[in-house]
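A.B. asks: Data file protein-v2.tsv (TSV, C-alpha atoms) is appended below.
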```tsv
chain	number	residue	atom	x	y	z
X	1	MET	CA	-46.25	-91.23	130.36
X	2	PRO	CA	-44.31	-91.76	127.09
X	3	THR	CA	-46.47	-94.68	125.93
X	4	PHE	CA	-49.61	-92.56	125.92
X	5	ASP	CA	-47.97	-89.34	124.78
X	6	GLY	CA	-46.98	-90.81	121.41
X	7	GLY	CA	-50.32	-90.02	119.78
X	8	TRP	CA	-51.29	-91.82	116.59
X	9	ARG	CA	-47.83	-93.29	115.99
X	10	SER	CA	-47.90	-94.98	119.38
X	11	ALA	CA	-51.47	-96.21	118.82
X	12	ILE	CA	-50.63	-97.66	115.39
X	13	LEU	CA	-47.51	-99.33	116.78
X	14	GLY	CA	-49.60	-100.81	119.60
X	15	LEU	CA	-52.17	-102.14	117.15
X	16	ALA	CA	-49.48	-103.64	114.89
X	17	LEU	CA	-47.78	-105.29	117.87
X	18	GLN	CA	-51.11	-106.68	119.11
X	19	TRP	CA	-51.84	-108.21	115.70
X	20	GLY	CA	-48.28	-109.48	115.44
X	21	MET	CA	-48.50	-111.18	118.83
X	22	SER	CA	-51.86	-112.69	117.87
X	23	MET	CA	-50.30	-114.16	114.73
X	24	VAL	CA	-47.37	-115.60	116.68
X	25	ILE	CA	-49.73	-117.14	119.24
X	26	ALA	CA	-51.88	-118.56	116.44
X	27	ALA	CA	-48.81	-119.97	114.68
X	28	CYS	CA	-47.71	-121.70	117.90
X	29	CYS	CA	-51.18	-123.22	118.25
X	30	VAL	CA	-51.20	-124.44	114.65
X	31	LEU	CA	-47.69	-125.87	114.96
X	32	ALA	CA	-48.55	-127.73	118.16
X	33	SER	CA	-51.80	-129.05	116.68
X	34	SER	CA	-49.97	-130.33	113.62
X	35	ARG	CA	-47.42	-132.20	115.77
X	36	ILE	CA	-49.60	-133.40	118.65
X	37	GLU	CA	-52.46	-135.50	117.31
X	38	LEU	CA	-54.43	-135.19	120.53
X	39	PHE	CA	-54.63	-131.41	120.04
X	40	ALA	CA	-55.97	-131.86	116.51
X	41	ARG	CA	-58.61	-134.35	117.71
X	42	ARG	CA	-59.57	-132.51	120.90
X	43	TRP	CA	-59.41	-129.01	119.50
X	44	MET	CA	-61.70	-127.47	122.13
X	45	VAL	CA	-59.50	-128.73	124.98
X	46	ALA	CA	-56.39	-127.56	123.13
X	47	GLY	CA	-58.02	-124.16	122.52
X	48	CYS	CA	-58.81	-123.76	126.22
X	49	ILE	CA	-55.22	-124.66	127.11
X	50	TYR	CA	-53.90	-122.10	124.61
X	51	GLY	CA	-56.31	-119.50	125.92
X	52	VAL	CA	-55.27	-119.94	129.54
X	53	VAL	CA	-51.55	-120.01	128.69
X	54	THR	CA	-51.94	-116.92	126.50
X	55	PHE	CA	-53.79	-115.06	129.26
X	56	PHE	CA	-51.08	-115.66	131.83
X	57	VAL	CA	-48.15	-115.06	129.46
X	58	MET	CA	-49.62	-111.76	128.32
X	59	ASN	CA	-50.53	-110.53	131.81
X	60	ASP	CA	-47.55	-111.85	133.77
X	61	ILE	CA	-44.75	-111.45	131.20
X	62	VAL	CA	-45.61	-109.23	128.22
X	63	VAL	CA	-47.48	-106.40	129.96
X	64	PRO	CA	-44.94	-106.03	132.81
X	65	LEU	CA	-42.14	-105.83	130.22
X	66	SER	CA	-43.98	-103.25	128.10
X	67	ALA	CA	-43.31	-99.53	128.12
X	68	SER	CA	-46.62	-98.94	129.90
X	69	ARG	CA	-46.02	-98.34	133.58
X	70	MET	CA	-49.70	-98.26	134.45
X	71	THR	CA	-50.74	-100.75	137.07
X	72	PRO	CA	-53.94	-102.42	135.91
X	73	HIS	CA	-56.80	-102.62	138.38
X	74	HIS	CA	-57.65	-106.32	138.45
X	75	THR	CA	-61.19	-107.15	139.45
X	76	ALA	CA	-63.20	-110.34	139.13
X	77	ALA	CA	-65.08	-108.80	136.19
X	78	TRP	CA	-61.80	-107.80	134.47
X	79	PHE	CA	-60.39	-111.30	134.98
X	80	GLY	CA	-63.57	-112.96	133.69
X	81	LYS	CA	-63.83	-110.81	130.55
X	82	ASN	CA	-60.17	-111.16	129.65
X	83	MET	CA	-60.03	-114.90	130.34
X	84	LEU	CA	-63.20	-115.43	128.28
X	85	ALA	CA	-61.66	-113.47	125.39
X	86	MET	CA	-58.50	-115.61	125.49
X	87	LEU	CA	-60.52	-118.85	125.71
X	88	LEU	CA	-62.54	-117.77	122.68
X	89	PHE	CA	-59.38	-116.78	120.79
X	90	GLY	CA	-57.78	-120.15	121.62
X	91	ALA	CA	-60.88	-122.10	120.61
X	92	ILE	CA	-61.16	-120.30	117.26
X	93	ILE	CA	-57.50	-120.77	116.38
X	94	SER	CA	-57.46	-124.38	117.55
X	95	GLY	CA	-60.68	-125.19	115.68
X	96	VAL	CA	-59.40	-123.71	112.43
X	97	ALA	CA	-56.06	-125.51	112.85
X	98	SER	CA	-57.80	-128.83	113.52
X	99	TRP	CA	-60.10	-128.37	110.52
X	100	SER	CA	-57.14	-127.55	108.29
X	101	ILE	CA	-55.13	-130.56	109.50
X	102	ARG	CA	-58.05	-132.96	108.99
X	103	ARG	CA	-58.71	-131.49	105.55
X	104	GLN	CA	-55.09	-132.06	104.48
X	105	LYS	CA	-55.24	-135.73	105.47
X	106	PHE	CA	-58.01	-136.48	102.98
```
As structure tokens, what does this structure read like?
C.D. replies:
Amino acid sequence: MPTFDGGWRSAILGLALQWGMSMVIAACCVLASSRIELFARRWMVAGCIYGVVTFFVMNDIVVPLSASRMTPHHTAAWFGKNMLAMLLFGAIISGVASWSIRRQKF
């Protein structure tokens, strides 16, 4: 499989793309929070929404379009761990965005 035969170059590219996607997702969250006051006030709800959306976009759009042709084995434990990670990611980004927006208003 070409994705996994690339060695270190492939691994570094994967890491860079993962970080890049995380930054784009975080930027979208910050932008929405700065424009939608409800998201800035209710940052935990907004973070959960971002987490769920991110989970499904990554697993239903990004991964199927990637060069990896492996079919993931989805179990309840896999779903729970990955959804929890995305909810945590969303909550952290949304919380920091909300804090930053409130700080700028004062």
A.B. asks: At what distance in Å, to one decimal, does CA of Ser94 (chain X) lie from CA of Trp43 (chain X)?
C.D. replies: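 Answer for the CA of Trp43 (chain X) to CA of Ser94 (chain X) separation: 5.4 Å.
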A.B. asks: By how many Å are CA of Arg42 (chain X) and CA of Phe55 (chain X) apart?
C.D. replies: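 Result for CA of Arg42 (chain X) versus CA of Phe55 (chain X): 20.2 Å, one decimal.
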A.B. asks: I'd like the interatomic distance between CA of Gly7 (chain X) and CA of Ser22 (chain X), to a tenth of an Å.
C.D. replies: 22.8 Å
A.B. asks: What's the 12 Å shell around Val53 (chain X), counting all atoms listed in the file, without same-chain residues fewer than 3 positions away, as a short mmCIF file (atom, residue, chain, number, x, y, z; two decimals) with C-alpha atoms, keeping the file's coordinate frame?
C.D. replies:
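Below is the file that was written, selection_23.cif:
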```cif
data_model
loop_
_atom_site.label_atom_id
_atom_site.label_comp_id
_atom_site.auth_asym_id
_atom_site.auth_seq_id
_atom_site.Cartn_x
_atom_site.Cartn_y
_atom_site.Cartn_z
CA ILE X 25 -49.73 -117.14 119.24
CA CYS X 28 -47.71 -121.70 117.90
CA CYS X 29 -51.18 -123.22 118.25
CA ALA X 46 -56.39 -127.56 123.13
CA GLY X 47 -58.02 -124.16 122.52
CA CYS X 48 -58.81 -123.76 126.22
CA ILE X 49 -55.22 -124.66 127.11
CA TYR X 50 -53.90 -122.10 124.61
CA PHE X 56 -51.08 -115.66 131.83
CA VAL X 57 -48.15 -115.06 129.46
CA MET X 58 -49.62 -111.76 128.32
CA ASN X 59 -50.53 -110.53 131.81
CA ASP X 60 -47.55 -111.85 133.77
CA ILE X 61 -44.75 -111.45 131.20
CA MET X 83 -60.03 -114.90 130.34
CA MET X 86 -58.50 -115.61 125.49
CA LEU X 87 -60.52 -118.85 125.71
CA PHE X 89 -59.38 -116.78 120.79
CA GLY X 90 -57.78 -120.15 121.62
#
```
A.B. asks: Need to verify the contact set: Val30 (chain X), 12 Å, all atoms listed in the file, exclusion of same-chain residues closer than 2 positions in sequence. Can you return it as a ChimeraX atom specification?
C.D. replies: /X:23-28,32-37,39-40,43,46-47,50,90-101
A.B. asks: Nearest to Gln18 (chain X) among X:Gln104, X:Ala85, X:Val62, X:Trp78, with distances taken over only C-alpha atoms: which residue is it?
C.D. replies: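 Checking each candidate against Gln18 (chain X), we get X:Val62 as the closest.
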A.B. asks: Pick the closest to Asn82 (chain X) from X:Leu38, X:Gly20, X:Thr54, X:Pro64: which is it, counting only C-alpha atoms?
C.D. replies: X:Thr54
